[in-house]
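Participant: Below is model-v6.cif; it holds mmCIF, C-alpha atoms and all ligand atoms.
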data_target
#
loop_
_atom_site.label_atom_id
_atom_site.label_comp_id
_atom_site.auth_asym_id
_atom_site.auth_seq_id
_atom_site.Cartn_x
_atom_site.Cartn_y
_atom_site.Cartn_z
CA MET Q 1 0.00 0.00 0.00
CA SER Q 2 1.22 3.54 -0.74
CA SER Q 3 2.26 5.88 2.08
CA ILE Q 4 -0.80 8.04 1.51
CA GLY Q 5 -2.99 4.93 1.68
CA ARG Q 6 -1.44 3.86 5.00
CA LEU Q 7 -1.79 7.36 6.38
CA THR Q 8 -5.45 7.57 5.38
CA ASP Q 9 -6.12 4.11 6.87
CA TYR Q 10 -4.44 5.18 10.11
CA ALA Q 11 -6.60 8.31 10.43
CA GLU Q 12 -9.79 6.45 9.52
CA ALA Q 13 -9.10 3.76 12.12
CA ARG Q 14 -8.50 6.41 14.80
CA LEU Q 15 -11.70 8.21 13.82
CA ALA Q 16 -13.64 4.94 13.97
CA ARG Q 17 -12.34 4.36 17.51
CA LEU Q 18 -13.49 7.84 18.50
CA ASP Q 19 -16.89 7.22 16.90
CA ALA Q 20 -17.24 3.94 18.78
CA THR Q 21 -16.75 5.71 22.12
CA GLY Q 22 -18.81 8.76 21.17
CA ARG Q 23 -15.69 10.93 21.53
CA ARG Q 24 -15.33 12.20 17.98
CA ARG Q 25 -15.35 15.98 18.00
CA THR Q 26 -16.75 18.06 15.18
CA LEU Q 27 -16.62 21.74 14.27
CA LYS Q 28 -19.77 23.78 13.77
CA PRO Q 29 -19.48 27.08 11.84
CA THR Q 30 -20.91 29.72 14.16
CA ALA Q 31 -21.37 33.48 13.69
CA ARG Q 32 -21.40 35.49 16.91
CA HIS Q 33 -23.09 38.88 17.27
CA ALA Q 34 -23.71 41.44 20.00
CA GLY Q 35 -25.94 40.42 22.90
CA ALA Q 36 -24.72 36.79 22.86
CA ARG Q 37 -26.84 36.26 19.72
CA THR Q 38 -25.31 33.44 17.75
CA LEU Q 39 -26.11 32.15 14.28
CA ARG Q 40 -25.59 28.47 13.51
CA ALA Q 41 -26.90 26.57 10.47
CA GLY Q 42 -29.21 29.49 9.66
CA ARG Q 43 -30.83 29.62 13.13
CA GLU Q 44 -30.34 32.25 15.83
CA PHE Q 45 -29.53 31.12 19.37
CA ILE Q 46 -28.75 32.84 22.64
CA SER Q 47 -25.35 31.55 23.67
CA PHE Q 48 -24.59 30.69 27.28
CA CYS Q 49 -21.27 29.02 26.58
CA ASP Q 50 -18.96 31.81 25.34
CA ASN Q 51 -16.06 33.19 27.34
CA ASP Q 52 -16.74 36.71 26.04
CA TYR Q 53 -17.86 37.54 29.58
CA LEU Q 54 -17.95 41.32 29.19
CA SER Q 55 -19.42 41.15 25.66
CA LEU Q 56 -16.52 43.20 24.36
CA SER Q 57 -15.70 41.17 21.24
CA CYS Q 58 -18.56 42.84 19.34
CA ASP Q 59 -18.34 46.26 21.04
CA PRO Q 60 -18.34 49.00 18.35
CA ARG Q 61 -15.45 50.82 20.10
CA VAL Q 62 -13.32 47.68 19.98
CA ILE Q 63 -14.22 47.07 16.34
CA ALA Q 64 -13.31 50.68 15.47
CA ALA Q 65 -9.92 50.33 17.19
CA ALA Q 66 -9.17 47.13 15.27
CA THR Q 67 -10.20 48.75 11.99
CA ARG Q 68 -7.95 51.76 12.61
CA ALA Q 69 -5.01 49.49 13.45
CA ALA Q 70 -5.50 47.44 10.29
CA ARG Q 71 -5.38 50.64 8.21
CA GLU Q 72 -2.29 51.93 10.01
CA TRP Q 73 -0.23 48.74 10.45
CA GLY Q 74 -1.83 46.07 8.24
CA CYS Q 75 -3.57 42.83 9.11
CA GLY Q 76 -0.60 40.67 10.04
CA ALA Q 77 2.58 41.09 12.09
CA GLY Q 78 4.71 39.86 9.21
CA ALA Q 79 7.36 38.16 11.36
CA SER Q 80 8.17 37.02 14.89
CA ARG Q 81 8.46 39.73 17.52
CA LEU Q 82 12.25 39.31 17.47
CA VAL Q 83 12.44 40.12 13.76
CA THR Q 84 9.98 42.81 12.58
CA GLY Q 85 6.75 41.58 14.19
CA ASP Q 86 6.95 43.66 17.36
CA CYS Q 87 4.21 46.17 16.50
CA PRO Q 88 4.44 49.13 18.97
CA LEU Q 89 1.01 48.19 20.30
CA ASN Q 90 2.65 45.21 22.08
CA GLU Q 91 4.56 47.54 24.37
CA GLU Q 92 1.47 49.61 25.11
CA LEU Q 93 -0.52 46.48 25.90
CA GLU Q 94 2.25 45.14 28.14
CA ALA Q 95 2.40 48.39 30.13
CA MET Q 96 -1.37 48.28 30.59
CA LEU Q 97 -1.41 44.62 31.69
CA ALA Q 98 1.44 45.10 34.17
CA GLY Q 99 -0.41 48.10 35.64
CA MET Q 100 -3.66 46.19 35.93
CA LYS Q 101 -1.95 43.28 37.69
CA GLY Q 102 0.20 45.52 39.89
CA LEU Q 103 3.34 43.68 38.78
CA PRO Q 104 6.50 45.25 37.39
CA ALA Q 105 6.38 43.97 33.81
CA ALA Q 106 4.40 41.96 31.27
CA ARG Q 107 4.99 40.05 28.06
CA VAL Q 108 2.36 39.42 25.39
CA PHE Q 109 2.25 36.02 23.68
CA GLY Q 110 0.32 34.71 20.67
CA SER Q 111 -2.26 33.04 22.94
CA GLY Q 112 -2.77 31.91 26.52
CA TYR Q 113 -1.83 28.40 25.47
CA LEU Q 114 1.45 29.68 24.02
CA ALA Q 115 2.10 31.74 27.15
CA ASN Q 116 1.91 28.66 29.36
CA VAL Q 117 3.85 26.27 27.13
CA GLY Q 118 6.59 28.86 26.70
CA THR Q 119 6.87 30.26 30.21
CA ILE Q 120 6.84 27.11 32.36
CA PRO Q 121 9.86 25.50 30.61
CA ALA Q 122 11.65 28.87 30.72
CA LEU Q 123 11.46 28.80 34.53
CA VAL Q 124 12.14 25.19 35.52
CA GLY Q 125 13.68 22.10 33.94
CA ARG Q 126 15.23 18.73 34.65
CA GLY Q 127 16.13 18.43 38.35
CA ASP Q 128 13.32 20.80 39.42
CA THR Q 129 9.77 20.08 40.60
CA ILE Q 130 6.38 21.28 39.44
CA VAL Q 131 3.57 20.97 42.00
CA MET Q 132 0.24 21.60 40.31
CA ASP Q 133 -3.52 21.42 40.88
CA GLU Q 134 -5.04 18.47 39.04
CA LEU Q 135 -7.62 20.73 37.38
CA SER Q 136 -5.06 23.13 35.91
CA HIS Q 137 -5.73 23.80 32.24
CA ALA Q 138 -4.39 21.46 29.55
CA CYS Q 139 -1.80 24.06 28.49
CA MET Q 140 -0.33 24.21 32.02
CA HIS Q 141 -0.02 20.43 31.94
CA ALA Q 142 1.56 20.68 28.46
CA GLY Q 143 4.05 23.33 29.65
CA ALA Q 144 4.91 21.20 32.68
CA GLN Q 145 5.57 18.15 30.45
CA LEU Q 146 7.73 20.21 28.10
CA SER Q 147 9.86 21.52 30.96
CA GLY Q 148 11.29 18.09 31.86
CA ALA Q 149 10.80 18.87 35.59
CA GLU Q 150 9.33 16.24 37.91
CA ILE Q 151 5.56 16.75 38.01
CA ARG Q 152 3.58 16.25 41.24
CA VAL Q 153 -0.18 16.76 40.96
CA PHE Q 154 -2.28 17.67 44.00
CA ARG Q 155 -5.98 16.99 44.47
CA HIS Q 156 -8.08 19.95 43.41
CA ASN Q 157 -7.66 22.87 45.82
CA ASP Q 158 -6.28 20.51 48.50
CA THR Q 159 -3.58 22.59 50.18
CA GLY Q 160 -2.74 19.76 52.61
CA HIS Q 161 -1.99 17.47 49.69
CA ALA Q 162 0.03 20.21 47.99
CA ALA Q 163 2.09 20.63 51.19
CA GLU Q 164 2.76 16.87 51.33
CA LEU Q 165 3.95 16.87 47.72
CA MET Q 166 6.35 19.75 48.37
CA GLU Q 167 8.18 17.81 51.07
CA GLY Q 168 11.56 16.64 49.74
CA ALA Q 169 10.83 17.91 46.24
CA PRO Q 170 14.07 18.19 44.26
CA GLY Q 171 15.41 21.47 42.87
CA GLN Q 172 13.38 24.63 42.50
CA ILE Q 173 9.64 24.15 43.09
CA LEU Q 174 7.18 25.88 40.75
CA MET Q 175 3.56 25.70 41.84
CA LEU Q 176 0.86 26.01 39.17
CA THR Q 177 -2.84 26.67 39.59
CA GLU Q 178 -5.72 28.59 38.07
CA THR Q 179 -7.31 31.55 39.87
CA VAL Q 180 -10.86 30.77 38.66
CA PHE Q 181 -11.17 27.19 37.44
CA SER Q 182 -12.36 27.08 33.87
CA MET Q 183 -14.72 24.11 34.03
CA ASP Q 184 -15.94 24.44 37.64
CA GLY Q 185 -15.96 28.19 38.18
CA ASP Q 186 -14.57 27.84 41.71
CA LEU Q 187 -11.59 29.79 43.07
CA ALA Q 188 -8.14 28.65 44.15
CA PRO Q 189 -7.13 29.24 47.80
CA LEU Q 190 -4.49 31.72 46.67
CA ALA Q 191 -3.52 33.06 50.10
CA GLU Q 192 -2.88 29.56 51.48
CA LEU Q 193 -0.99 28.46 48.37
CA GLY Q 194 1.07 31.67 48.50
CA ALA Q 195 2.00 31.03 52.14
CA LEU Q 196 2.92 27.43 51.33
CA CYS Q 197 5.16 28.60 48.51
CA GLU Q 198 6.84 31.15 50.78
CA ALA Q 199 7.53 28.43 53.36
CA HIS Q 200 9.15 26.21 50.72
CA GLU Q 201 10.89 29.00 48.78
CA ALA Q 202 8.77 27.93 45.84
CA TRP Q 203 7.54 30.14 43.01
CA LEU Q 204 3.79 30.47 42.42
CA MET Q 205 2.41 30.90 38.91
CA THR Q 206 -1.32 31.38 38.32
CA ASP Q 207 -3.52 31.20 35.25
CA ASP Q 208 -6.10 33.99 35.43
CA ALA Q 209 -7.76 33.20 32.09
CA HIS Q 210 -11.23 33.29 33.69
CA GLY Q 211 -10.61 35.91 36.34
CA LEU Q 212 -9.50 39.04 34.48
CA GLY Q 213 -12.30 41.61 34.43
CA VAL Q 214 -14.75 39.29 36.16
CA VAL Q 215 -13.48 38.10 39.55
CA ALA Q 216 -11.14 40.37 41.51
CA HIS Q 217 -8.74 38.77 43.96
CA ASP Q 218 -5.57 39.44 45.90
CA ASN Q 219 -3.04 37.28 44.18
CA PRO Q 220 0.31 36.58 45.88
CA ALA Q 221 1.71 34.80 42.78
CA GLN Q 222 5.01 36.15 41.49
CA ILE Q 223 4.11 35.06 37.97
CA GLN Q 224 0.60 35.70 36.68
CA MET Q 225 -0.47 34.67 33.22
CA GLY Q 226 -3.76 35.02 31.45
CA THR Q 227 -5.46 35.38 28.11
CA LEU Q 228 -6.89 38.20 26.05
CA SER Q 229 -9.39 35.82 24.45
CA LYS Q 230 -12.03 35.71 27.18
CA ALA Q 231 -13.24 38.82 29.05
CA ALA Q 232 -10.96 40.97 26.86
CA GLY Q 233 -12.88 39.66 23.85
CA ALA Q 234 -9.84 39.54 21.55
CA TYR Q 235 -6.96 37.08 21.27
CA GLY Q 236 -3.49 36.62 22.71
CA GLY Q 237 -1.92 35.66 26.01
CA TYR Q 238 0.24 37.42 28.58
CA VAL Q 239 2.57 36.81 31.49
CA CYS Q 240 3.21 39.40 34.22
CA GLY Q 241 6.01 39.25 36.79
CA PRO Q 242 9.37 40.65 37.88
CA ALA Q 243 11.14 42.57 35.10
CA PRO Q 244 14.12 40.16 34.73
CA VAL Q 245 11.73 37.19 34.43
CA ILE Q 246 9.78 38.97 31.72
CA ASP Q 247 13.06 39.86 30.00
CA LEU Q 248 14.20 36.26 30.17
CA LEU Q 249 11.10 35.12 28.29
CA VAL Q 250 12.26 37.01 25.19
CA SER Q 251 15.28 34.72 24.97
CA ARG Q 252 13.97 31.53 26.60
CA ALA Q 253 10.26 31.13 25.79
CA ARG Q 254 10.26 29.15 22.55
CA SER Q 255 6.59 29.94 21.93
CA LEU Q 256 7.54 33.63 21.78
CA VAL Q 257 10.80 33.30 19.90
CA TYR Q 258 9.67 30.91 17.16
CA THR Q 259 6.22 32.24 16.32
CA THR Q 260 4.80 35.28 14.55
CA GLY Q 261 3.71 38.32 16.60
CA LEU Q 262 0.02 39.04 17.10
CA PRO Q 263 -1.72 40.90 14.24
CA PRO Q 264 -2.00 44.67 14.92
CA PRO Q 265 -5.85 44.70 14.79
CA VAL Q 266 -5.90 42.01 17.49
CA LEU Q 267 -3.50 44.01 19.69
CA ALA Q 268 -5.57 47.15 19.18
CA SER Q 269 -8.82 45.40 20.06
CA ALA Q 270 -7.29 43.93 23.22
CA LEU Q 271 -5.97 47.35 24.24
CA LYS Q 272 -9.34 49.04 23.70
CA ALA Q 273 -11.17 46.22 25.49
CA LEU Q 274 -8.86 46.48 28.54
CA GLU Q 275 -9.38 50.24 28.58
CA ILE Q 276 -13.18 49.73 28.60
CA MET Q 277 -12.89 46.94 31.20
CA GLN Q 278 -11.17 49.36 33.59
CA ALA Q 279 -13.43 52.34 32.85
CA GLU Q 280 -16.68 50.34 33.14
CA PRO Q 281 -16.42 47.94 36.10
CA GLU Q 282 -20.21 47.66 36.02
CA ARG Q 283 -19.85 45.33 33.02
CA GLY Q 284 -18.35 42.61 35.23
CA ALA Q 285 -20.96 43.28 37.91
CA GLN Q 286 -23.79 42.81 35.36
CA ALA Q 287 -22.41 39.45 34.22
CA ARG Q 288 -22.05 38.31 37.85
CA GLU Q 289 -25.61 39.42 38.61
CA HIS Q 290 -26.91 37.32 35.72
CA ALA Q 291 -25.05 34.27 37.07
CA ALA Q 292 -26.39 34.90 40.59
CA ARG Q 293 -29.96 35.37 39.28
CA PHE Q 294 -29.74 32.11 37.34
CA CYS Q 295 -28.45 30.21 40.39
CA ALA Q 296 -31.25 31.61 42.53
CA LEU Q 297 -33.83 30.52 39.93
CA MET Q 298 -32.27 27.04 39.76
CA GLU Q 299 -31.89 26.82 43.57
CA LEU Q 300 -28.14 26.44 43.26
CA PRO Q 301 -25.60 27.98 45.67
CA PRO Q 302 -24.51 31.52 44.71
CA PRO Q 303 -21.59 31.32 42.24
CA PRO Q 304 -18.21 32.97 42.88
CA GLY Q 305 -18.14 34.36 39.33
CA VAL Q 306 -19.85 33.89 35.99
CA ILE Q 307 -19.17 30.19 35.31
CA VAL Q 308 -21.85 27.82 36.57
CA PRO Q 309 -21.21 24.09 36.08
CA MET Q 310 -24.21 21.78 36.02
CA ILE Q 311 -22.66 18.37 36.53
CA LEU Q 312 -24.85 15.67 35.01
CA GLY Q 313 -22.51 12.66 35.19
CA ALA Q 314 -22.92 10.49 32.12
CA GLU Q 315 -21.88 11.89 28.76
CA ALA Q 316 -25.18 10.85 27.14
CA ARG Q 317 -27.17 12.77 29.76
CA ALA Q 318 -25.13 15.96 29.26
CA MET Q 319 -25.49 15.65 25.47
CA ALA Q 320 -29.25 15.07 25.74
CA VAL Q 321 -29.86 18.09 27.99
CA SER Q 322 -27.66 20.25 25.76
CA ALA Q 323 -29.71 19.12 22.72
CA GLU Q 324 -32.98 19.97 24.50
CA LEU Q 325 -31.68 23.45 25.27
CA GLU Q 326 -30.56 23.89 21.67
CA ALA Q 327 -34.04 22.93 20.47
CA ALA Q 328 -35.38 25.69 22.76
CA GLY Q 329 -32.95 28.26 21.28
CA TYR Q 330 -30.13 28.22 23.86
CA LEU Q 331 -26.56 27.14 23.13
CA VAL Q 332 -24.87 25.42 26.09
CA THR Q 333 -22.29 22.94 24.85
CA ALA Q 334 -21.91 19.71 26.82
CA ILE Q 335 -18.39 19.34 28.24
CA ARG Q 336 -17.20 15.74 28.37
CA PRO Q 337 -14.05 13.74 29.09
CA PRO Q 338 -11.20 14.14 28.40
CA THR Q 339 -11.83 17.87 28.98
CA VAL Q 340 -13.33 16.98 32.40
CA PRO Q 341 -12.83 13.81 34.51
CA GLU Q 342 -14.84 10.64 33.71
CA GLY Q 343 -18.34 10.67 35.20
CA THR Q 344 -18.45 14.47 35.50
CA SER Q 345 -19.85 15.43 32.09
CA ARG Q 346 -21.59 18.71 32.46
CA LEU Q 347 -23.13 21.80 31.07
CA ARG Q 348 -20.75 24.69 31.57
CA ILE Q 349 -23.04 27.69 31.65
CA THR Q 350 -21.45 31.11 31.34
CA PHE Q 351 -23.00 34.53 31.75
CA ALA Q 352 -22.12 37.77 29.99
CA THR Q 353 -22.80 41.49 30.22
CA GLY Q 354 -24.75 41.32 26.96
CA HIS Q 355 -27.40 38.92 28.28
CA SER Q 356 -30.69 40.38 29.42
CA GLU Q 357 -32.69 39.33 32.48
CA GLU Q 358 -35.23 37.76 30.12
CA ASP Q 359 -32.45 35.71 28.50
CA VAL Q 360 -31.42 34.37 31.91
CA GLU Q 361 -34.99 33.61 32.97
CA GLY Q 362 -35.67 31.92 29.62
CA LEU Q 363 -32.60 29.72 30.03
CA ALA Q 364 -33.61 28.70 33.56
CA ASP Q 365 -37.13 27.75 32.37
CA ALA Q 366 -35.77 25.78 29.42
CA LEU Q 367 -33.22 24.01 31.61
CA LYS Q 368 -35.81 23.01 34.20
CA LYS Q 369 -37.91 21.48 31.41
CA ALA Q 370 -34.90 19.75 29.84
CA LEU Q 371 -33.84 18.28 33.20
CA ALA Q 372 -37.34 16.99 33.84
CA ALA Q 373 -37.66 15.41 30.37
C1 LIG Q 401 -7.57 28.27 32.18
C2 LIG Q 401 -7.16 28.50 30.77
N1 LIG Q 401 -5.87 28.76 30.52
C3 LIG Q 401 -5.44 28.99 29.27
C4 LIG Q 401 -6.29 28.95 28.19
C5 LIG Q 401 -5.75 29.16 26.82
O1 LIG Q 401 -5.98 30.48 26.42
P1 LIG Q 401 -6.05 30.84 24.87
O2 LIG Q 401 -7.42 30.51 24.42
O3 LIG Q 401 -5.71 32.28 24.81
O4 LIG Q 401 -5.02 29.98 24.19
C6 LIG Q 401 -7.65 28.72 28.42
C7 LIG Q 401 -8.60 28.77 27.30
O5 LIG Q 401 -9.14 27.85 26.81
C8 LIG Q 401 -8.09 28.46 29.73
O6 LIG Q 401 -9.37 28.17 29.99
#
As structure tokens - that is how I would like this structure written.
Ligand SMILES: Cc1ncc(COP(=O)(O)O)c(C=O)c1O

Facilitator:
Amino acid sequence: MSSIGRLTDYAEARLARLDATGRRRTLKPTARHAGARTLRAGREFISFCDNDYLSLSCDPRVIAAATRAAREWGCGAGASRLVTGDCPLNEELEAMLAGMKGLPAARVFGSGYLANVGTIPALVGRGDTIVMDELSHACMHAGAQLSGAEIRVFRHNDTGHAAELMEGAPGQILMLTETVFSMDGDLAPLAELGALCEAHEAWLMTDDAHGLGVVAHDNPAQIQMGTLSKAAGAYGGYVCGPAPVIDLLVSRARSLVYTTGLPPPVLASALKALEIMQAEPERGAQAREHAARFCALMELPPPPGVIVPMILGAEARAMAVSAELEAAGYLVTAIRPPTVPEGTSRLRITFATGHSEEDVEGLADALKKALAA
């Protein structure tokens, strides 16, 4: 058989295995508009599964900033930041992010994923130890693997277990956790983890992908990364920390060195969105109120932020409830393993500034019916 034949057979066999376990993933072209209105296959839905928490991705001021930047600097960076791709907007964005986080310096990356896979191996390597929360995002796990350090994983938010794992850990310890957990919406015990790190002379690095602009917290972490693709409504990632660490990333973070800089319109939209985020704190408050209203209607405990997980257990159950909601005009994608642990398939319901109270009440009604079906 030819090489192309063997390659095709290989992919088809893998796809068949995924089909057999119901784990084959598919893409669905989706057009998003203001107010969480979302067009899919010619039908309009109200989306409750975006991460555009402050509804800034479709804000006319953000769109205008991106348009201006495209006219002035073009649509692409043209090269890596180390060659000619370091559009001046990067520096502006970095100064703004460092200011918002109250840390000395910041570095912008192509995405949050790239920030984690580049930064973690730049800080620790063979002979060192990474101690991380089991529910840390896939890109923190990927960065940890790439580093070559020994990886010790603690039970979710279990500081006692984290302390045990730090005992006798070789080399420099880097602790990794999220601030607001992406699939559960709960918060990390940052003060306790910070104290633990101090006691062990460990460094703490947090992923604030789901916190920025939505959940404020005192964060003792020396290294704080995040993304511009969620509440900032744009794209890109960032890392904030001490100036020499941020400097080091320019030489040591392979996902910064060997990749093209962010397109100027993306940088401009992130900058404008962060400016609005700071000037209009009520946007975050509105999204949190929607989440709280929904939880009250569903008789769930008040949520810490805008992510409400509805854990349904079996994959089939989560898929069925998601399909019922879709039939009623609401998009809430079912989240299944391997994204979440076996037996914890769920609806991950997210709330945004652009939702209305009627949207939230409509979702609660539809969900009650879907759960009873
Ligand atoms: C916790 C967390 N970290 C990092 C990322 C990656 O960010 P980005 O989408 O910018 O690559 C995500 C997004 O999926 C996330 O949820």

Participant: Report, in Å with one decimal, the straight-line distance from atom CA of Asn116 of chain Q to atom CA of Met175 of chain Q.

Facilitator: 12.9 Å

Participant: Go through chain Q residue by residue and, counting all atoms listed in the file, keep those with an atom at most 7 Å from ligand LIG 401 (chain Q); for each kept residue give the shortest atom pair and its distance in Å to one decimal, ordered by chain and increasing number, as a Markdown table.

Facilitator:
| residue | atom | partner | partner_atom | distance |
| --- | --- | --- | --- | --- |
| Q:Ser111 | CA | Q:LIG401 | O3 | 4.0 |
| Q:Gly112 | CA | Q:LIG401 | O3 | 3.4 |
| Q:Tyr113 | CA | Q:LIG401 | O4 | 3.8 |
| Q:Leu114 | CA | Q:LIG401 | O4 | 6.5 |
| Q:Ser136 | CA | Q:LIG401 | C1 | 6.8 |
| Q:His137 | CA | Q:LIG401 | C1 | 4.8 |
| Q:Cys139 | CA | Q:LIG401 | C3 | 6.2 |
| Q:Glu178 | CA | Q:LIG401 | C1 | 6.2 |
| Q:Phe181 | CA | Q:LIG401 | C1 | 6.5 |
| Q:Ser182 | CA | Q:LIG401 | O6 | 5.0 |
| Q:Asp207 | CA | Q:LIG401 | N1 | 5.8 |
| Q:Asp208 | CA | Q:LIG401 | C1 | 6.7 |
| Q:Ala209 | CA | Q:LIG401 | C2 | 4.9 |
| Q:His210 | CA | Q:LIG401 | C1 | 6.4 |
| Q:Gly226 | CA | Q:LIG401 | C3 | 6.6 |
| Q:Thr227 | CA | Q:LIG401 | O3 | 4.5 |
| Q:Leu228 | CA | Q:LIG401 | O3 | 6.2 |
| Q:Ser229 | CA | Q:LIG401 | O3 | 5.1 |
| Q:Tyr235 | CA | Q:LIG401 | O3 | 6.1 |
| Q:Gly236 | CA | Q:LIG401 | O3 | 5.3 |
| Q:Gly237 | CA | Q:LIG401 | O3 | 5.2 |

Participant: Give me the residues within 8 Å of segment 328-345 of chain Q as an mmCIF file with C-alpha atoms, keeping the file's coordinate frame, counting only C-alpha atoms and dropping any in the same chain fewer than 4 places off.

Facilitator:
data_model
loop_
_atom_site.group_PDB
_atom_site.id
_atom_site.type_symbol
_atom_site.label_atom_id
_atom_site.label_comp_id
_atom_site.auth_asym_id
_atom_site.auth_seq_id
_atom_site.Cartn_x
_atom_site.Cartn_y
_atom_site.Cartn_z
ATOM 1 C CA GLU Q 44 -30.340 32.250 15.830
ATOM 2 C CA PHE Q 45 -29.530 31.120 19.370
ATOM 3 C CA ILE Q 46 -28.750 32.840 22.640
ATOM 4 C CA SER Q 47 -25.350 31.550 23.670
ATOM 5 C CA PHE Q 48 -24.590 30.690 27.280
ATOM 6 C CA CYS Q 49 -21.270 29.020 26.580
ATOM 7 C CA MET Q 183 -14.720 24.110 34.030
ATOM 8 C CA ILE Q 311 -22.660 18.370 36.530
ATOM 9 C CA LEU Q 312 -24.850 15.670 35.010
ATOM 10 C CA GLY Q 313 -22.510 12.660 35.190
ATOM 11 C CA ALA Q 314 -22.920 10.490 32.120
ATOM 12 C CA GLU Q 315 -21.880 11.890 28.760
ATOM 13 C CA ALA Q 318 -25.130 15.960 29.260
ATOM 14 C CA MET Q 319 -25.490 15.650 25.470
ATOM 15 C CA SER Q 322 -27.660 20.250 25.760
ATOM 16 C CA GLU Q 324 -32.980 19.970 24.500
ATOM 17 C CA ILE Q 349 -23.040 27.690 31.650
ATOM 18 C CA LEU Q 363 -32.600 29.720 30.030
ATOM 19 C CA ALA Q 366 -35.770 25.780 29.420
#

Participant: Which residue, Q:Leu297, Q:Leu176, Q:Ile4, Q:Ala352, has the smallest gap to Ala34 of chain Q when you use only C-alpha atoms?

Facilitator: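 Using only C-alpha atoms, the shortest distance to Ala34 of chain Q belongs to Q:Ala352.
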
Participant: Rank Q:Leu190, Q:Asp128, Q:Val239, Q:Ser356 by their smallest atom-to-atom distance to Leu256 of chain Q, using all atoms listed in the file, and report the top residue only.

Facilitator: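 Among the listed residues, Q:Val239 lies closest to Leu256 of chain Q.
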
Participant: Can you list every residue of segment 258-334 of chain Q that has an atom at most 9 Å from segment 87-93 of chain Q, with its nearest atom pair and the distance in Å to one decimal, using all atoms listed in the file, ordered by chain then number, as a Markdown table?

Facilitator:
| residue | atom | partner | partner_atom | distance |
| --- | --- | --- | --- | --- |
| Q:Gly261 | CA | Q:Cys87 | CA | 7.9 |
| Q:Leu262 | CA | Q:Cys87 | CA | 8.3 |
| Q:Pro263 | CA | Q:Cys87 | CA | 8.2 |
| Q:Pro264 | CA | Q:Cys87 | CA | 6.6 |
| Q:Leu267 | CA | Q:Leu89 | CA | 6.2 |
| Q:Ala268 | CA | Q:Leu89 | CA | 6.8 |
| Q:Ala270 | CA | Q:Leu93 | CA | 7.7 |
| Q:Leu271 | CA | Q:Leu93 | CA | 5.8 |
| Q:Leu274 | CA | Q:Leu93 | CA | 8.7 |

Participant: Filtering to C-alpha atoms, could you give me those residues as a PDB file, keeping the file's coordinate frame?

Facilitator:
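Below is the file that was written, result_1.pdb:
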ATOM      1  CA  GLY Q 261       3.710  38.320  16.600  1.00  0.00           C
ATOM      2  CA  LEU Q 262       0.020  39.040  17.100  1.00  0.00           C
ATOM      3  CA  PRO Q 263      -1.720  40.900  14.240  1.00  0.00           C
ATOM      4  CA  PRO Q 264      -2.000  44.670  14.920  1.00  0.00           C
ATOM      5  CA  LEU Q 267      -3.500  44.010  19.690  1.00  0.00           C
ATOM      6  CA  ALA Q 268      -5.570  47.150  19.180  1.00  0.00           C
ATOM      7  CA  ALA Q 270      -7.290  43.930  23.220  1.00  0.00           C
ATOM      8  CA  LEU Q 271      -5.970  47.350  24.240  1.00  0.00           C
ATOM      9  CA  LEU Q 274      -8.860  46.480  28.540  1.00  0.00           C
TER      10      LEU Q 274
END

Participant: Residues within 12 Å of Ala195 of chain Q, please, as a PyMOL selection string. Count only C-alpha atoms; anything in the same chain fewer than 2 positions from it doesn't count.

Facilitator: chain Q and resi 159+162-163+175+189-193+197-204+219-221
